[in-house]
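One structure is given below, encoded as C-alpha cells.
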There are 4 protein chains.
Amino acid sequence: MDRGRLEAFSDGVFAVAITLLALNLTVAGPTGQGSLAHQLYEKWPAFAGYLVSFLTIGIIWVNHHALVRQIKSVDRTLLFVNQLLLLFVVLIPFGTATAADYLPHNSPDARLAMVLYSGIFLGMSAGFSAIFEWTLHGERVYHPLPTEQHWPARRRFAGGALVYVIAMVVAVFYALASFVLIGLVAVYYIFERTPASPASPEGSDEEEPVV
Amino acid sequence: MDRGRLEAFSDGVFAVAITLLALNLTVAGPTGQGSLAHQLYEKWPAFAGYLVSFLTIGIIWVNHHALVRQIKSVDRTLLFVNQLLLLFVVLIPFGTATAADYLPHNSPDARLAMVLYSGIFLGMSAGFSAIFEWTLHGERVYHPLPTEQHWPARRRFAGGALVYVIAMVVAVFYALASFVLIGLVAVYYIFERTPASPASPEGSDEEEPVV
Amino acid sequence: MDRGRLEAFSDGVFAVAITLLALNLTVAGPTGQGSLAHQLYEKWPAFAGYLVSFLTIGIIWVNHHALVRQIKSVDRTLLFVNQLLLLFVVLIPFGTATAADYLPHNSPDARLAMVLYSGIFLGMSAGFSAIFEWTLHGERVYHPLPTEQHWPARRRFAGGALVYVIAMVVAVFYALASFVLIGLVAVYYIFERTPASPASPEGSDEEEPVV
Amino acid sequence: MDRGRLEAFSDGVFAVAITLLALNLTVAGPTGQGSLAHQLYEKWPAFAGYLVSFLTIGIIWVNHHALVRQIKSVDRTLLFVNQLLLLFVVLIPFGTATAADYLPHNSPDARLAMVLYSGIFLGMSAGFSAIFEWTLHGERVYHPLPTEQHWPARRRFAGGALVYVIAMVVAVFYALASFVLIGLVAVYYIFERTPASPASPEGSDEEEPVV
C-alpha cells in the first residue's frame, strides 16, 4: 500500500501537534500568583483555545483520512503538497498559545494574535484544498469525481477557506468575535459532514461509512 | 483494514501523552534549592503522579486496543467519539502536573487540583464508554454482545466511571485520599481483566489472548 | 513486511522532530518586551529557521521513503545506520533554535551557531548516504542500481553533502549567507527530483510515481 | 497481525523519548552567560548524555524489534510487561538531563544522579528481560528456544543487567566512571550482536537478517 507512510507520517504529526496543545495549559502552581482556582480562571482563554484547536485538528485529521484513503498511488508532488498542509498544522499549538496569551482583551496585540491564529487555519485549509485539487487530476483516486462536479466541489472548499478569511477580517476589529467564529466553525463541522471529498459524493446516505 | 488509521492516530496520541508525563519530573538542578536528594524527595508527588498516570494511560490503551480490534468498519461518528476520548487523554499530563504541584498538602488548592485530576479521568472513562456504546449498535463488531448483556456491560462501565466520581467527591474533603484511590484503581485494573469489552465475554478463560 | 517497523520508528522520529520545531516560535506574550508585532518581528530568524528546517526534514523524509521502500529485507547493520541518520534529525530542532537565537547578527556566536546548524545537516546527509551505500551491496533492494552507476550515484550524494560543507565554510565568514544558502538548497530540492535513489534511475519519466 | 498495535505504540514511545532527549541541549542563547562556544563547552555532559542515551534507546529498540517479531500472539500479560519496559524508557530523558546537570563534578549530587541514571537503565533492562521470559513459556513464539537453552539465555540477559548494577555501584564512588561504563556498554552492543533473543540463536551466520 503506497500511501501507508504518507498516512503514518501525517498521523504522527497530527498526534504530536494535538498533544502539544495541552502544554499551554500549565499553571504556575504554588509559586504563581493567587489560588489555583484564580489561576485556572485567568487561563480560560487557554482552555477555550485548547478545545477549539483540538476539535479543528481532529476535523482536519478526519477529512485527511477520508481523502487520502481514496488515493491509489502517491507521487512526489502529493508528498510535498501534504508537507504544506503539515507546515500549518505544526503551527497550530504556537498560534493557539499566542492567541490565548492575549485574549480576552481587545487590545491591538489580541487582534494581531487572532489574525495570526485565523491565518494559520487559513493556511491549513489551503493546504488541504491543494491535496484535494491534486486528487482531481489524472487517474489518482479510486472513485474520481465527475468533471462537472469539480467546480462545485472547489467552491465548497473555497467556502471553508472563506470562513477563515472572514475570521481574519473580523479579528482586525474585534479579537474575541473572531475566536468565537472559529469555534463555531469547529462545532459546525463536527455535526455536519464535509461533502466535498471524493469519498463522500452529494446525496450519499448519511449512515454509510465515509472514512 | 479500515480501522488502521484510527488506531495509528490514537496510538500516536497515547504514546506522546505517556511520554510527556515525564517532563514534569525535571528537577531544578545545581541552581535549585538544596541537594539533589532533597529536590527528588520534595518531588515525590510528581513521581507518584507519573506512576499512576502512566499505569492509567497504559490500561486505557490496552482496553482501547481490545475494543477497537473488534470493530469491522469505522464511520464518522466513531472517529469523533474517539476524539472525545483523546481530548481527555491529552489533558492527563496537565492534570498530573497540576496535582503533583499541590500535593501532598491538603490545602483548598490541592483539593481543587485533585477534583480536576479525577475529572479528567472521569472524562476519559466517559469517552471510552461512548466508544463501547457505539459498538453495541448496528453490525459494527465481529462478535456483537447479545442484547441481554448490553445493560450488565453498561453497568460495569458505569462502575468504572463511578470510581472517578467517588474520587472527585473524596477530593473535595481530602486531596491525598483521592489520589490514593485513583492509584488503587490503576493497580486493580492491571491485575483484573476488564470484563466489559465485546472481546472478553464473561466466563471466558483467563489465559486466552484477549487483545 | 520486514521494513515496517524501521519505517514506523523513523516516521515517528521525523514527525516529532518536525513538530518540536515550532516550540521555538513561542513569544513571551503580554509579559514580554514590546508589542506582539514587535516580538514577532524580532523573532523573524526563528520563523525563517522553522521554514528552512521544516522543508529540509520534509525532503529527507520523502527521500527516506523513496529509498527504504526499495529495500527487500532489513538487517542489523541497516538499523544502526538508520539510527545514525536519526541521531542528526533529532538534533535539528536544537540546531535551528540555536541559529535563530544568534541570527541575524554576524557576531562570532552567530557564525558558530551556523557552523553547528550546517554541521547537523551535513551529518544528516552523511547518514542518508550511508543508508544509500548499504543498498548498493548484496541483494538488498528490488531494483539494484547497475554497478557502473554506483560511482555516479555516489558523486551525486557527495554533491548534496558538499553543499553543507560549503555552508559550513561560508558560516565561518558570514552567518546569514550560510543560512540563505541552506534555505536555497531546500527550495531547490523541492522542485528538483533527487535523482540518486535506486527508485529513480536517470532518464525515467518525471511523472511516474517515485515514492 | 496481532502484535501490530503493540509495536506501533512502543515505536511511538521510543520515537518520542529519543526525540525529547535533544530538548536538554538547549543553550541559554544571547541572554546566557558567556559566548556560545563557552556555553556549548559547559554543556558537554549534556551532549555526551544525549549520545549515550540515544544509542542505548536505539539498541533496546532494535532488540525489542527482534524479539517482538517472533511473537505469534499477544496477550494481556505481555501488554503490561511491555508497559513496564516503556515505563523506564520514558524516564530516560529525565535521567539523562539530571545526570548531565551534575556531571562532570564528582559531588554527592553527581553520584546520586548517576545512581538514578544507571537505575533507570537497569529497570529498562529488567523490563526487557521480563518480555523475554514471557516468550519462553507456552507456544508464544514462532521459533521457541529449546528448553536446555533457557538458562544460558537468562544468564546472558542477567549479564546485561549486571552491567547496570555495576554502574550503580561505581556511581556511589565516582560519577564519571559510571557514565563512561554505560557509554562503553552502548558502543559494545552496537558492534556485538545480542545473542539471547529467540530470533538469533548462537552460531547463526552473522550476515543473516536478524530483525
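Convention: chains lettered A, B, ... in C-alpha cells order; per-chain residue numbering from 1; ligands numbered from 1 as shown.
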Residues near Ala113 of chain C, cut-off 12 Å, only C-alpha atoms, skip fewer than 2 positions along chain, as a ChimeraX atom specification: /C:94-111,115-120,167-168,171-172,174-176,178-179 /D:27,29-30,35-37,39-40
Over all C-alpha atoms paired in order - RMSD of chain B on chain A: 0.0 Å
Please, which residues in chain D fall within 7 Å of chain B when counting only C-alpha atoms, and what is the closest atom pair and distance in Å to one decimal for each, ordered by chain then residue number, as CSV?
```
residue,atom,partner,partner_atom,distance
D:Ala8,CA,B:Asp11,CA,6.8
D:Phe9,CA,B:Asp11,CA,5.3
D:Gly12,CA,B:Ala15,CA,5.3
D:Val13,CA,B:Ala15,CA,4.9
D:Val16,CA,B:Val16,CA,6.4
D:Ala17,CA,B:Thr19,CA,6.4
D:Val74,CA,B:Pro209,CA,6.4
D:Asp75,CA,B:Pro209,CA,4.3
D:Arg76,CA,B:Val211,CA,6.4
D:Gln83,CA,B:Gly58,CA,6.7
D:Val90,CA,B:Thr19,CA,5.4
D:Leu91,CA,B:Ala22,CA,6.2
D:Phe94,CA,B:Thr26,CA,6.1
D:Thr98,CA,B:Gly29,CA,6.8
D:Asp101,CA,B:Gly29,CA,5.9
D:Tyr102,CA,B:Pro30,CA,6.7
D:Asp109,CA,B:Leu36,CA,5.4
```
Alpha helix (DSSP H) residues, from DSSP on the backbone, in chain D, as a PyMOL selection string: chain D and resi 4-20+36-42+44-68+76-89+92-102+108-136+150-173+175-191
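You will find atom CA of Glu148 of chain D at 29.1 Å from atom CA of Leu6 of chain D.
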Surrounding residues of segment 129-132 of chain C excluding itself and chain neighbours under 2 positions, 7 Å, only C-alpha atoms, as an MDAnalysis selection string: chainID C and resid 78 81:82 125:127 134:136 157
Output the selection as an mmCIF file, in the first residue's frame - C-alpha atoms for each residue.
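Done, and the output landed in result23.cif:
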```
data_model
loop_
_atom_site.group_PDB
_atom_site.id
_atom_site.type_symbol
_atom_site.label_atom_id
_atom_site.label_comp_id
_atom_site.auth_asym_id
_atom_site.auth_seq_id
_atom_site.Cartn_x
_atom_site.Cartn_y
_atom_site.Cartn_z
ATOM 1 C CA LEU C 78 20.865 -1.088 8.331
ATOM 2 C CA VAL C 81 22.970 3.103 10.021
ATOM 3 C CA ASN C 82 19.402 4.396 10.118
ATOM 4 C CA SER C 125 23.292 13.973 4.737
ATOM 5 C CA ALA C 126 26.120 11.580 5.647
ATOM 6 C CA GLY C 127 23.671 9.294 7.462
ATOM 7 C CA TRP C 134 24.116 -0.076 2.262
ATOM 8 C CA THR C 135 21.589 -0.548 -0.572
ATOM 9 C CA LEU C 136 24.371 -0.874 -3.171
ATOM 10 C CA PHE C 157 25.197 12.154 -2.964
#
```
